[in-house]
Each structure stands twice: as structure tokens, then as C-alpha cells.
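Asker: Structure file upload-v9.pdb (PDB, C-alpha atoms) is given on the next line.
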ATOM      1  CA  TRP A 825       4.154   9.017  17.531  1.00  0.00           C
ATOM      2  CA  THR A 826       4.048   5.400  16.378  1.00  0.00           C
ATOM      3  CA  GLN A 827       3.179   2.123  18.067  1.00  0.00           C
ATOM      4  CA  ARG A 828       2.204   4.010  21.237  1.00  0.00           C
ATOM      5  CA  GLU A 829       5.716   5.461  21.558  1.00  0.00           C
ATOM      6  CA  LEU A 830       7.130   8.913  20.968  1.00  0.00           C
ATOM      7  CA  ARG A 831      10.167   8.579  18.704  1.00  0.00           C
ATOM      8  CA  GLY A 832      12.776  11.015  17.502  1.00  0.00           C
ATOM      9  CA  ASP A 833      16.384  12.138  17.808  1.00  0.00           C
ATOM     10  CA  PHE A 834      18.305  14.171  20.375  1.00  0.00           C
ATOM     11  CA  SER A 835      21.308  16.224  19.225  1.00  0.00           C
ATOM     12  CA  ALA A 836      23.739  14.807  21.779  1.00  0.00           C
ATOM     13  CA  SER A 837      25.784  11.683  22.400  1.00  0.00           C
ATOM     14  CA  LEU A 838      24.117   8.648  23.917  1.00  0.00           C
ATOM     15  CA  LEU A 839      25.942   9.055  27.240  1.00  0.00           C
ATOM     16  CA  ASP A 840      24.993  12.756  27.424  1.00  0.00           C
ATOM     17  CA  VAL A 841      21.356  11.897  26.685  1.00  0.00           C
ATOM     18  CA  ALA A 842      21.378   9.166  29.342  1.00  0.00           C
ATOM     19  CA  ALA A 843      22.728  11.606  31.941  1.00  0.00           C
ATOM     20  CA  ALA A 844      20.196  14.262  30.881  1.00  0.00           C
ATOM     21  CA  THR A 845      17.404  11.686  31.143  1.00  0.00           C
ATOM     22  CA  GLU A 846      18.363  10.859  34.718  1.00  0.00           C
ATOM     23  CA  ARG A 847      18.396  14.569  35.632  1.00  0.00           C
ATOM     24  CA  ALA A 848      15.016  15.033  33.937  1.00  0.00           C
ATOM     25  CA  PHE A 849      13.598  12.104  35.915  1.00  0.00           C
ATOM     26  CA  VAL A 850      14.787  13.778  39.138  1.00  0.00           C
ATOM     27  CA  ASP A 851      13.104  17.037  38.061  1.00  0.00           C
ATOM     28  CA  LEU A 852       9.910  15.107  37.298  1.00  0.00           C
ATOM     29  CA  ARG A 853      10.186  13.267  40.643  1.00  0.00           C
ATOM     30  CA  LEU A 854      10.010   9.846  39.056  1.00  0.00           C
ATOM     31  CA  VAL A 855      11.047   6.932  41.258  1.00  0.00           C
ATOM     32  CA  ALA A 856      12.715   3.535  40.941  1.00  0.00           C
ATOM     33  CA  VAL A 857      15.010   4.657  38.133  1.00  0.00           C
ATOM     34  CA  THR A 858      16.914   1.796  36.484  1.00  0.00           C
ATOM     35  CA  GLU A 859      19.549   2.454  33.833  1.00  0.00           C
ATOM     36  CA  VAL A 860      21.276  -0.017  31.522  1.00  0.00           C
ATOM     37  CA  VAL A 861      23.428   1.955  29.076  1.00  0.00           C
ATOM     38  CA  ASP A 862      26.580   1.175  27.111  1.00  0.00           C
ATOM     39  CA  GLY A 863      28.245   3.199  24.368  1.00  0.00           C
ATOM     40  CA  VAL A 864      25.833   2.016  21.663  1.00  0.00           C
ATOM     41  CA  LYS A 865      22.376   1.678  23.195  1.00  0.00           C
ATOM     42  CA  GLY A 866      20.518   1.865  26.448  1.00  0.00           C
ATOM     43  CA  LYS A 867      17.266   1.578  28.324  1.00  0.00           C
ATOM     44  CA  ILE A 868      16.179   3.738  31.244  1.00  0.00           C
ATOM     45  CA  THR A 869      13.043   2.949  33.198  1.00  0.00           C
ATOM     46  CA  ALA A 870      11.224   4.705  36.019  1.00  0.00           C
ATOM     47  CA  THR A 871       7.836   4.799  37.679  1.00  0.00           C
ATOM     48  CA  LEU A 872       5.313   7.612  38.060  1.00  0.00           C
ATOM     49  CA  ALA A 873       3.741   8.242  41.472  1.00  0.00           C
ATOM     50  CA  ASP A 874       0.659   6.264  40.415  1.00  0.00           C
ATOM     51  CA  GLY A 875       2.768   3.220  39.480  1.00  0.00           C
ATOM     52  CA  THR A 876       2.724   3.792  35.711  1.00  0.00           C
ATOM     53  CA  SER A 877       5.954   2.733  34.017  1.00  0.00           C
ATOM     54  CA  VAL A 878       8.116   5.093  31.965  1.00  0.00           C
ATOM     55  CA  THR A 879      10.512   3.461  29.492  1.00  0.00           C
ATOM     56  CA  ILE A 880      13.059   5.298  27.392  1.00  0.00           C
ATOM     57  CA  LYS A 881      15.118   3.396  24.834  1.00  0.00           C
ATOM     58  CA  LEU A 882      18.200   5.048  23.361  1.00  0.00           C
ATOM     59  CA  LYS A 883      20.393   4.137  20.399  1.00  0.00           C
ATOM     60  CA  ALA A 884      23.452   6.036  19.222  1.00  0.00           C
ATOM     61  CA  THR A 885      23.042   7.113  15.603  1.00  0.00           C
ATOM     62  CA  ASP A 886      26.499   8.704  15.515  1.00  0.00           C
ATOM     63  CA  PHE A 887      28.745  10.517  18.004  1.00  0.00           C
ATOM     64  CA  LYS A 888      26.417  13.511  18.328  1.00  0.00           C
ATOM     65  CA  THR A 889      22.954  12.094  17.636  1.00  0.00           C
ATOM     66  CA  THR A 890      20.887   9.666  19.681  1.00  0.00           C
ATOM     67  CA  HIS A 891      17.633   8.072  18.543  1.00  0.00           C
ATOM     68  CA  PHE A 892      15.027   7.676  21.284  1.00  0.00           C
ATOM     69  CA  SER A 893      11.655   6.130  22.001  1.00  0.00           C
ATOM     70  CA  ILE A 894       9.560   7.030  25.042  1.00  0.00           C
ATOM     71  CA  LYS A 895       6.642   4.936  26.234  1.00  0.00           C
ATOM     72  CA  ILE A 896       4.441   5.733  29.227  1.00  0.00           C
ATOM     73  CA  GLY A 897       2.363   2.861  30.586  1.00  0.00           C
ATOM     74  CA  ALA A 898       1.122  -0.154  28.674  1.00  0.00           C
ATOM     75  CA  PHE A 899      -0.811   1.832  26.073  1.00  0.00           C
ATOM     76  CA  GLY A 900       1.328   4.955  25.762  1.00  0.00           C
ATOM     77  CA  ASP A 901       0.542   8.546  26.709  1.00  0.00           C
ATOM     78  CA  LYS A 902       1.498  10.995  23.970  1.00  0.00           C
ATOM     79  CA  ALA A 903       1.192  14.182  26.042  1.00  0.00           C
ATOM     80  CA  MET A 904       3.219  12.785  28.938  1.00  0.00           C
ATOM     81  CA  SER A 905       5.839  11.374  26.549  1.00  0.00           C
ATOM     82  CA  GLN A 906       6.205  14.812  24.944  1.00  0.00           C
ATOM     83  CA  GLN A 907       6.590  16.379  28.392  1.00  0.00           C
ATOM     84  CA  VAL A 908       9.361  13.916  29.307  1.00  0.00           C
ATOM     85  CA  ALA A 909      11.115  14.649  25.981  1.00  0.00           C
ATOM     86  CA  ARG A 910      10.926  18.407  26.676  1.00  0.00           C
ATOM     87  CA  TYR A 911      12.528  17.904  30.087  1.00  0.00           C
ATOM     88  CA  ILE A 912      15.326  15.840  28.535  1.00  0.00           C
ATOM     89  CA  VAL A 913      15.973  18.505  25.865  1.00  0.00           C
ATOM     90  CA  ARG A 914      16.094  21.161  28.583  1.00  0.00           C
ATOM     91  CA  GLU A 915      18.700  19.126  30.492  1.00  0.00           C
ATOM     92  CA  ILE A 916      20.757  18.531  27.328  1.00  0.00           C
ATOM     93  CA  ASP A 917      20.718  22.269  26.548  1.00  0.00           C
ATOM     94  CA  ALA A 918      21.657  23.184  30.134  1.00  0.00           C
ATOM     95  CA  ALA A 919      24.673  20.852  30.038  1.00  0.00           C
ATOM     96  CA  GLN A 920      26.102  22.307  26.809  1.00  0.00           C
TER
END
What is this structure when it is put down as C-alpha cells?

Answerer:
Amino acid sequence: WTQRELRGDFSASLLDVAAATERAFVDLRLVAVTEVVDGVKGKITATLADGTSVTIKLKATDFKTTHFSIKIGAFGDKAMSQQVARYIVREIDAAQ
């Protein structure tokens, strides 16, 4: 948890993480999902029901590891960011 963002690594390719993130957002019922992802990096944004923004930035570290940062709202929400990360991990695990 640094600079109001949750940061870490997922053990999956960037494209797999991006797909898992979209599925997690559906599970969390987030709206207005926008995805800009290539083979090297990406950014996925969505909105909570109360209008708070959710931003996930992804960067491929290698073929099977993706670095991420999750930020909720302007000032960050650590607990909510951790919850989003757990949902993404669950989706990654379910796809493997």
C-alpha cells in the first residue's frame, strides 16, 4: 500500500489478468467499465454504484507475471482495493 494505491503482482499473463479483472468487475457489479490493454501494459477503469472511480493499472513483468496497482477514488481505499484484488485472484485461479 503506497501512494494511496494497492500494488503487487499477479501470477498470470497480462491478458489473462485483464480478462480476470473484467470478470471480477462483473461479479462486483461495477459499471462503466473501460479497458485499454495491449500486450505490455493496460488500464482498466470502472465506477462503483456511488460514483467512486476504480482504476487498475497493469504492466507485464514477464510472460507469467503482471504487476498491478489498484486505486479506489481520489484518496484510495485500502480495504476495497484488497477486496478487488481478491476477486481478481479468484478469477485467475478459476480460469487455470

Asker: Quick one: everything within 6 Å of stretch 910-919 of chain A, counting only C-alpha atoms, minus sequence neighbours fewer than 2 positions away in the same chain. Send it as a count of residues only.

Answerer: 5

Asker: Running the PyMOL selection byres ((chain A and resi 859) around 6) on this model by hand, what would come out? Give it as a list in words.

Answerer: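 For this structure, the PyMOL selection byres ((chain A and resi 859) around 6) resolves to Thr858, Val860 and Ile868 of chain A.
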
Asker: With only C-alpha atoms counted, which protein, DNA or RNA residues have an atom no more than 9 Å from (7.2, 3.5, 26.7) in the file frame? Please answer as a list in words.

Answerer: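 Here is the list of nearby residues: Arg828, Glu829, Leu830, Thr869, Ser877, Val878, Thr879, Ile880, Lys881, Ser893, Ile894, Lys895, Ile896, Gly897, Ala898, Phe899, Gly900, Asp901 and Ser905 of chain A.
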
Asker: Which is closer to A:Lys888 than all the others in A:Val850, A:Lys867, A:Asp874, A:Ala836, using only C-alpha atoms?

Answerer: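 The answer is A:Ala836, which sits nearest to A:Lys888.
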
Asker: Taking only C-alpha atoms into account, name the residue in A:Asp840, A:Thr889, A:Arg847, A:Lys902 that is nearest to A:Gln827.

Answerer: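 When distances to A:Gln827 are compared using only C-alpha atoms, the smallest one comes from A:Lys902.
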
Asker: Between atom CA of A:Ser837 and atom CA of A:Ala884, measure the distance and give it in Å to one decimal.

Answerer: 6.9 Å

Asker: Starting from the shown file, work through the PyMOL selection byres ((chain A and resi 856) around 9) and note down what comes out as a ChimeraX atom specification.

Answerer: /A:854-855,857-858,869-872

Asker: With distances taken over all atoms listed in the file, which of A:Leu838, A:Arg831, A:Leu852, A:Glu846 is nearest to A:Ala873?

Answerer: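 Smallest distance to A:Ala873 is found for A:Leu852.
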
Asker: Apply the PyMOL selection byres ((chain A and resi 864) around 7) to the structure shown and report the selected residues as a VMD selection string.

Answerer: chain A and resid 862 to 863 865 883 to 884

Asker: How many Å separate atom CA of A:Phe834 from atom CA of A:Phe849?

Answerer: 16.4 Å
